[in-house]
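*Asks:* I am attaching a structure below and will ask some questions about it afterwards.
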Amino acid sequence: MTTCFLPAPGSAPIWPAQGYLRLWLAEGFLARARNWGNDRFPVLHAGASLTFGAGAPVAFTTFSRPAAAWAVPGDQFDFPITPLLPFNGGTVEIEAAVYQAAQTGPLGTAASFVAGFAELLGPPLATAASVANAISTGLDSLIGASGDEPVLGVHYAMISPGGGGQPVQAGHLAVVNAPPGSLPGELTIGADGRLAVRGDPTVAGGSGGAGGGERRLTGFDYLVVRVETRTEHDVWLSPAMTTLITQARLARAHGRAGAFADHRAEAVTLAWTSADYVESDRPRIAAAIAAALDAGPEQAAFADPDATVADEVIALLPARDDPALAALTLADLLAG
């Protein structure tokens with residue numbers, strides 16, 4: 001196998017408690033899949049294991065049948081493997097493997113079974129973590145008992161910057177079913193975001209040389225897992241937080257001060273303790289929710305009739321380095 005990680009141009013590593021990551025199946029090609037027969041199909045088993053909350057590492061995995069277009073050379077999938085996960089330090093282990101499954105075999109049955117749990121593997125991640133661990137353990141046992149070997153697979157680890165290994169960073173993890181040095185050029189990600197080789201041994205400069213240019217990789221089994229990283233979350237309010245904010249506003253509008261205080265406290269506490277976000281972001285969200293609820297409908301934050309609850313809270317979200325956050329406590333926010 002030839003395996004390499006290709007960092008995204010201009011990307012920088014993310015530090016513990018300062019960002020998030022998500023895995024995607026960017027693309028894949030099985031050169032020999034056409035010879036499998038009509039009752040055979042590929043199944044992707046992939047995911048990330050990382051430190052979650054205060055417990056042991058949790059494996060967020062998927063086990064599913066890719067699109068029917070899998071055998072089309074270079075077909076772009078961008079199929080999400082994991083939800084957006086908080087990086088709070090430690091080791092991030094990435095695994096991806098493709099198995100050949102039969103319609104009536106154990107792997108095919110497992111793929112259909114796991115698909116039914118897909119909605120439980122997203123936020124809130126505290127709930128998803130227990131489901132994900134159970135599914136991962138069960139799948140490992142099933143795959144081991146079936147005796148099936150992957151057609152193609154990769155295991156790769158990333159760590160915090162400064163440890164000497166590959167830091168957690170945006171990029172593409174590529175694995176090709178070919179020995180190192182046997183490919184017709186150096187692996188790269190082309191301008192279209194797809195796997196390519198740079199250099200052509202028939203052109204002056206040799207394999208990977210400057211004279212070869214860039215072209216798509218064909219004729220080999222390969223997988224490309226894209227590692228997405230973000231310094232800021234893309235969804236700042238969970239559905240539960242939005243519901244509590246709405247309930248608090250309705251209670252205040254109807255003059256129910258006690259119910260308003262209860263809903264406000266629950267929303268702020270949920271944000272402060274939510275495992276969906278890195279530790280440094282939880283006080284930011286809690287403070288923004290408190291500010292949005294304390295402002296009142298007459299304040300400027302609510303002046304736009306088209307603004308959503310999330311819009312209003314994001315507008316009040318303090319910067320991560322806001323000095324006011326350093327001494328802020330949950331008790332301060334609950335006291336109003």
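Quick note on naming: the chains in the structure tokens go A, B, ... in the order shown, residues restart at 1 in each chain, and ligands are numbered from 1 in order of appearance.
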I'd like the neighbourhood of segment 225-239 of chain A as an NGL selection string, where a residue qualifies if any of its atoms comes within 7 Å (using only C-alpha atoms), though same-chain residues fewer than 6 positions away should be ignored.
*Replies:* :A and (18-26 or 169-174 or 310)
*Asks:* The selected residues should be written to file as a short mmCIF file (atom, residue, chain, number, x, y, z; two decimals), in the first residue's frame (atoms: N, CA, C and O atoms).
*Replies:*
data_model
loop_
_atom_site.label_atom_id
_atom_site.label_comp_id
_atom_site.auth_asym_id
_atom_site.auth_seq_id
_atom_site.Cartn_x
_atom_site.Cartn_y
_atom_site.Cartn_z
N GLN A 18 -9.29 24.20 20.82
CA GLN A 18 -9.33 25.38 19.96
C GLN A 18 -9.97 25.10 18.60
O GLN A 18 -9.93 25.96 17.72
N GLY A 19 -10.55 23.92 18.41
CA GLY A 19 -11.14 23.64 17.11
C GLY A 19 -11.82 22.29 17.02
O GLY A 19 -11.92 21.55 18.01
N TYR A 20 -12.27 21.99 15.81
CA TYR A 20 -13.11 20.82 15.54
C TYR A 20 -12.63 20.12 14.28
O TYR A 20 -11.95 20.71 13.44
N LEU A 21 -13.01 18.84 14.16
CA LEU A 21 -12.69 18.12 12.94
C LEU A 21 -13.87 17.25 12.52
O LEU A 21 -14.72 16.87 13.35
N ARG A 22 -13.90 16.95 11.23
CA ARG A 22 -14.94 16.09 10.66
C ARG A 22 -14.30 15.32 9.51
O ARG A 22 -13.47 15.86 8.77
N LEU A 23 -14.68 14.06 9.36
CA LEU A 23 -14.13 13.23 8.28
C LEU A 23 -15.15 13.04 7.17
O LEU A 23 -16.35 12.88 7.43
N TRP A 24 -14.65 13.03 5.95
CA TRP A 24 -15.46 12.79 4.76
C TRP A 24 -14.80 11.73 3.89
O TRP A 24 -13.57 11.68 3.79
N LEU A 25 -15.59 10.88 3.25
CA LEU A 25 -15.07 10.06 2.17
C LEU A 25 -15.09 10.96 0.94
O LEU A 25 -16.14 11.22 0.36
N ALA A 26 -13.91 11.47 0.57
CA ALA A 26 -13.84 12.41 -0.55
C ALA A 26 -14.05 11.70 -1.87
O ALA A 26 -14.77 12.18 -2.74
N GLN A 169 -4.83 18.47 11.34
CA GLN A 169 -4.78 19.52 10.32
C GLN A 169 -5.69 19.13 9.16
O GLN A 169 -5.90 17.96 8.87
N ALA A 170 -6.22 20.13 8.47
CA ALA A 170 -7.06 19.87 7.31
C ALA A 170 -6.21 19.29 6.19
O ALA A 170 -5.05 19.67 5.98
N GLY A 171 -6.80 18.35 5.45
CA GLY A 171 -6.07 17.76 4.34
C GLY A 171 -6.75 16.49 3.86
O GLY A 171 -7.88 16.18 4.24
N HIS A 172 -6.05 15.74 3.02
CA HIS A 172 -6.57 14.50 2.45
C HIS A 172 -5.65 13.33 2.81
O HIS A 172 -4.43 13.41 2.61
N LEU A 173 -6.24 12.28 3.35
CA LEU A 173 -5.52 11.04 3.64
C LEU A 173 -5.82 10.07 2.50
O LEU A 173 -6.96 9.66 2.32
N ALA A 174 -4.79 9.72 1.73
CA ALA A 174 -4.97 8.86 0.57
C ALA A 174 -4.27 7.53 0.78
O ALA A 174 -3.15 7.48 1.30
N ALA A 310 -30.70 31.54 16.49
CA ALA A 310 -29.25 31.33 16.34
C ALA A 310 -28.55 32.61 15.90
O ALA A 310 -27.47 32.93 16.39
#
*Asks:* List every residue of segment 177-273 of chain A that DSSP, applied to the backbone of this structure, places in strand (DSSP E or B), and write the result as a ChimeraX atom specification.
*Replies:* /A:186-189,195-198,214-216,222-230
*Asks:* Would you put the residues from that selection into a file with N, CA, C and O atoms, as a PDB file, in the first residue's frame?
*Replies:*
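Result saved to out-v1.pdb:
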ATOM      1  N   GLU A 186       3.995  11.420  -8.253  1.00  0.00           N
ATOM      2  CA  GLU A 186       3.787  11.768  -6.855  1.00  0.00           C
ATOM      3  C   GLU A 186       2.322  12.095  -6.614  1.00  0.00           C
ATOM      4  O   GLU A 186       1.713  12.864  -7.366  1.00  0.00           O
ATOM      5  N   LEU A 187       1.742  11.495  -5.558  1.00  0.00           N
ATOM      6  CA  LEU A 187       0.342  11.755  -5.252  1.00  0.00           C
ATOM      7  C   LEU A 187       0.142  13.218  -4.856  1.00  0.00           C
ATOM      8  O   LEU A 187       0.944  13.800  -4.135  1.00  0.00           O
ATOM      9  N   THR A 188      -0.977  13.771  -5.329  1.00  0.00           N
ATOM     10  CA  THR A 188      -1.324  15.141  -4.983  1.00  0.00           C
ATOM     11  C   THR A 188      -2.839  15.293  -5.082  1.00  0.00           C
ATOM     12  O   THR A 188      -3.533  14.383  -5.548  1.00  0.00           O
ATOM     13  N   ILE A 189      -3.349  16.400  -4.636  1.00  0.00           N
ATOM     14  CA  ILE A 189      -4.764  16.727  -4.800  1.00  0.00           C
ATOM     15  C   ILE A 189      -4.851  17.812  -5.854  1.00  0.00           C
ATOM     16  O   ILE A 189      -4.256  18.885  -5.710  1.00  0.00           O
ATOM     17  N   LEU A 195      -7.963  13.175  -6.310  1.00  0.00           N
ATOM     18  CA  LEU A 195      -6.644  12.578  -6.278  1.00  0.00           C
ATOM     19  C   LEU A 195      -6.020  12.566  -7.669  1.00  0.00           C
ATOM     20  O   LEU A 195      -6.668  12.223  -8.653  1.00  0.00           O
ATOM     21  N   ALA A 196      -4.749  12.933  -7.724  1.00  0.00           N
ATOM     22  CA  ALA A 196      -4.029  12.975  -8.990  1.00  0.00           C
ATOM     23  C   ALA A 196      -2.577  12.601  -8.749  1.00  0.00           C
ATOM     24  O   ALA A 196      -2.143  12.426  -7.602  1.00  0.00           O
ATOM     25  N   VAL A 197      -1.844  12.423  -9.842  1.00  0.00           N
ATOM     26  CA  VAL A 197      -0.402  12.214  -9.747  1.00  0.00           C
ATOM     27  C   VAL A 197       0.288  13.352 -10.471  1.00  0.00           C
ATOM     28  O   VAL A 197      -0.173  13.818 -11.516  1.00  0.00           O
ATOM     29  N   ARG A 198       1.388  13.790  -9.885  1.00  0.00           N
ATOM     30  CA  ARG A 198       2.161  14.861 -10.474  1.00  0.00           C
ATOM     31  C   ARG A 198       3.411  14.252 -11.091  1.00  0.00           C
ATOM     32  O   ARG A 198       4.172  13.562 -10.439  1.00  0.00           O
ATOM     33  N   GLU A 214       0.158  17.249 -14.208  1.00  0.00           N
ATOM     34  CA  GLU A 214      -0.756  16.636 -13.246  1.00  0.00           C
ATOM     35  C   GLU A 214      -1.861  15.913 -13.978  1.00  0.00           C
ATOM     36  O   GLU A 214      -2.418  16.440 -14.938  1.00  0.00           O
ATOM     37  N   ARG A 215      -2.181  14.690 -13.543  1.00  0.00           N
ATOM     38  CA  ARG A 215      -3.273  13.955 -14.181  1.00  0.00           C
ATOM     39  C   ARG A 215      -3.928  13.029 -13.171  1.00  0.00           C
ATOM     40  O   ARG A 215      -3.345  12.689 -12.142  1.00  0.00           O
ATOM     41  N   ARG A 216      -5.163  12.640 -13.474  1.00  0.00           N
ATOM     42  CA  ARG A 216      -5.930  11.783 -12.576  1.00  0.00           C
ATOM     43  C   ARG A 216      -5.274  10.423 -12.427  1.00  0.00           C
ATOM     44  O   ARG A 216      -4.675   9.882 -13.356  1.00  0.00           O
ATOM     45  N   TYR A 222      -8.257   2.801  -4.703  1.00  0.00           N
ATOM     46  CA  TYR A 222      -7.800   3.826  -3.766  1.00  0.00           C
ATOM     47  C   TYR A 222      -8.966   4.406  -2.980  1.00  0.00           C
ATOM     48  O   TYR A 222     -10.135   4.311  -3.379  1.00  0.00           O
ATOM     49  N   LEU A 223      -8.615   4.978  -1.838  1.00  0.00           N
ATOM     50  CA  LEU A 223      -9.556   5.706  -0.984  1.00  0.00           C
ATOM     51  C   LEU A 223      -8.939   7.049  -0.633  1.00  0.00           C
ATOM     52  O   LEU A 223      -7.732   7.145  -0.428  1.00  0.00           O
ATOM     53  N   VAL A 224      -9.777   8.059  -0.544  1.00  0.00           N
ATOM     54  CA  VAL A 224      -9.326   9.372  -0.094  1.00  0.00           C
ATOM     55  C   VAL A 224     -10.281   9.851   0.997  1.00  0.00           C
ATOM     56  O   VAL A 224     -11.482  10.015   0.756  1.00  0.00           O
ATOM     57  N   VAL A 225      -9.744  10.023   2.198  1.00  0.00           N
ATOM     58  CA  VAL A 225     -10.516  10.544   3.327  1.00  0.00           C
ATOM     59  C   VAL A 225     -10.111  11.997   3.536  1.00  0.00           C
ATOM     60  O   VAL A 225      -8.924  12.297   3.717  1.00  0.00           O
ATOM     61  N   ARG A 226     -11.092  12.890   3.476  1.00  0.00           N
ATOM     62  CA  ARG A 226     -10.787  14.308   3.695  1.00  0.00           C
ATOM     63  C   ARG A 226     -10.979  14.651   5.163  1.00  0.00           C
ATOM     64  O   ARG A 226     -12.010  14.328   5.754  1.00  0.00           O
ATOM     65  N   VAL A 227      -9.970  15.276   5.750  1.00  0.00           N
ATOM     66  CA  VAL A 227     -10.045  15.747   7.125  1.00  0.00           C
ATOM     67  C   VAL A 227     -10.393  17.233   7.089  1.00  0.00           C
ATOM     68  O   VAL A 227      -9.609  18.059   6.609  1.00  0.00           O
ATOM     69  N   GLU A 228     -11.577  17.563   7.559  1.00  0.00           N
ATOM     70  CA  GLU A 228     -12.009  18.960   7.654  1.00  0.00           C
ATOM     71  C   GLU A 228     -11.724  19.461   9.060  1.00  0.00           C
ATOM     72  O   GLU A 228     -12.020  18.769  10.037  1.00  0.00           O
ATOM     73  N   THR A 229     -11.136  20.636   9.181  1.00  0.00           N
ATOM     74  CA  THR A 229     -10.942  21.237  10.495  1.00  0.00           C
ATOM     75  C   THR A 229     -11.546  22.638  10.507  1.00  0.00           C
ATOM     76  O   THR A 229     -11.578  23.321   9.487  1.00  0.00           O
ATOM     77  N   ARG A 230     -12.002  23.041  11.670  1.00  0.00           N
ATOM     78  CA  ARG A 230     -12.594  24.364  11.870  1.00  0.00           C
ATOM     79  C   ARG A 230     -12.145  24.907  13.215  1.00  0.00           C
ATOM     80  O   ARG A 230     -12.078  24.156  14.191  1.00  0.00           O
TER      81      ARG A 230
END
*Asks:* Hey, can you check how far atom CA of Val168 of chain A sits from atom CA of Asp78 of chain A?
*Replies:*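 So the two atoms, atom CA of Val168 of chain A and atom CA of Asp78 of chain A, lie 19.6 Å apart.
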*Asks:* Quick one: residues within 6 Å of segment 89-99 of chain A, only C-alpha atoms counted, chain neighbours fewer than 4 positions away excluded, as a ChimeraX atom specification?
*Replies:* /A:16,42-50,150-159
*Asks:* Smallest atom-to-atom distance to Ala8 of chain A: which of A:Leu334, A:Gly193, A:Ala287, A:Ala267, using only C-alpha atoms?
*Replies:*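 Result for the nearest residue to Ala8 of chain A: A:Gly193.
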*Asks:* Which one is closest to Pro86 of chain A: A:Ala315, A:Ala126, A:Leu30, A:Met241? Count only C-alpha atoms.
*Replies:*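 Nearest candidate to Pro86 of chain A out of A:Ala315, A:Ala126, A:Leu30, A:Met241: A:Ala126.
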*Asks:* Enumerate as number ranges by chain all residues of segment 176-317 of chain A assigned to helix (DSSP H, G or I) by DSSP on the backbone, naming them with the chain letters and numbers the document uses.
*Replies:* A: 239-253, 257-273, 282-295, 300-302, 309-315
*Asks:* Env of Ala251 of chain A: 12 Å cut, atoms = only C-alpha atoms, seq-sep filter 3 positions within chain, self excluded. Answer as a count of residues only.
*Replies:* 17
*Asks:* Need to verify the contact set: Val313 of chain A, 7 Å, only C-alpha atoms, exclusion of same-chain residues closer than 2 positions in sequence. Can you return it as a ChimeraX atom specification?
*Replies:* /A:288-289,292,309-311,315-317
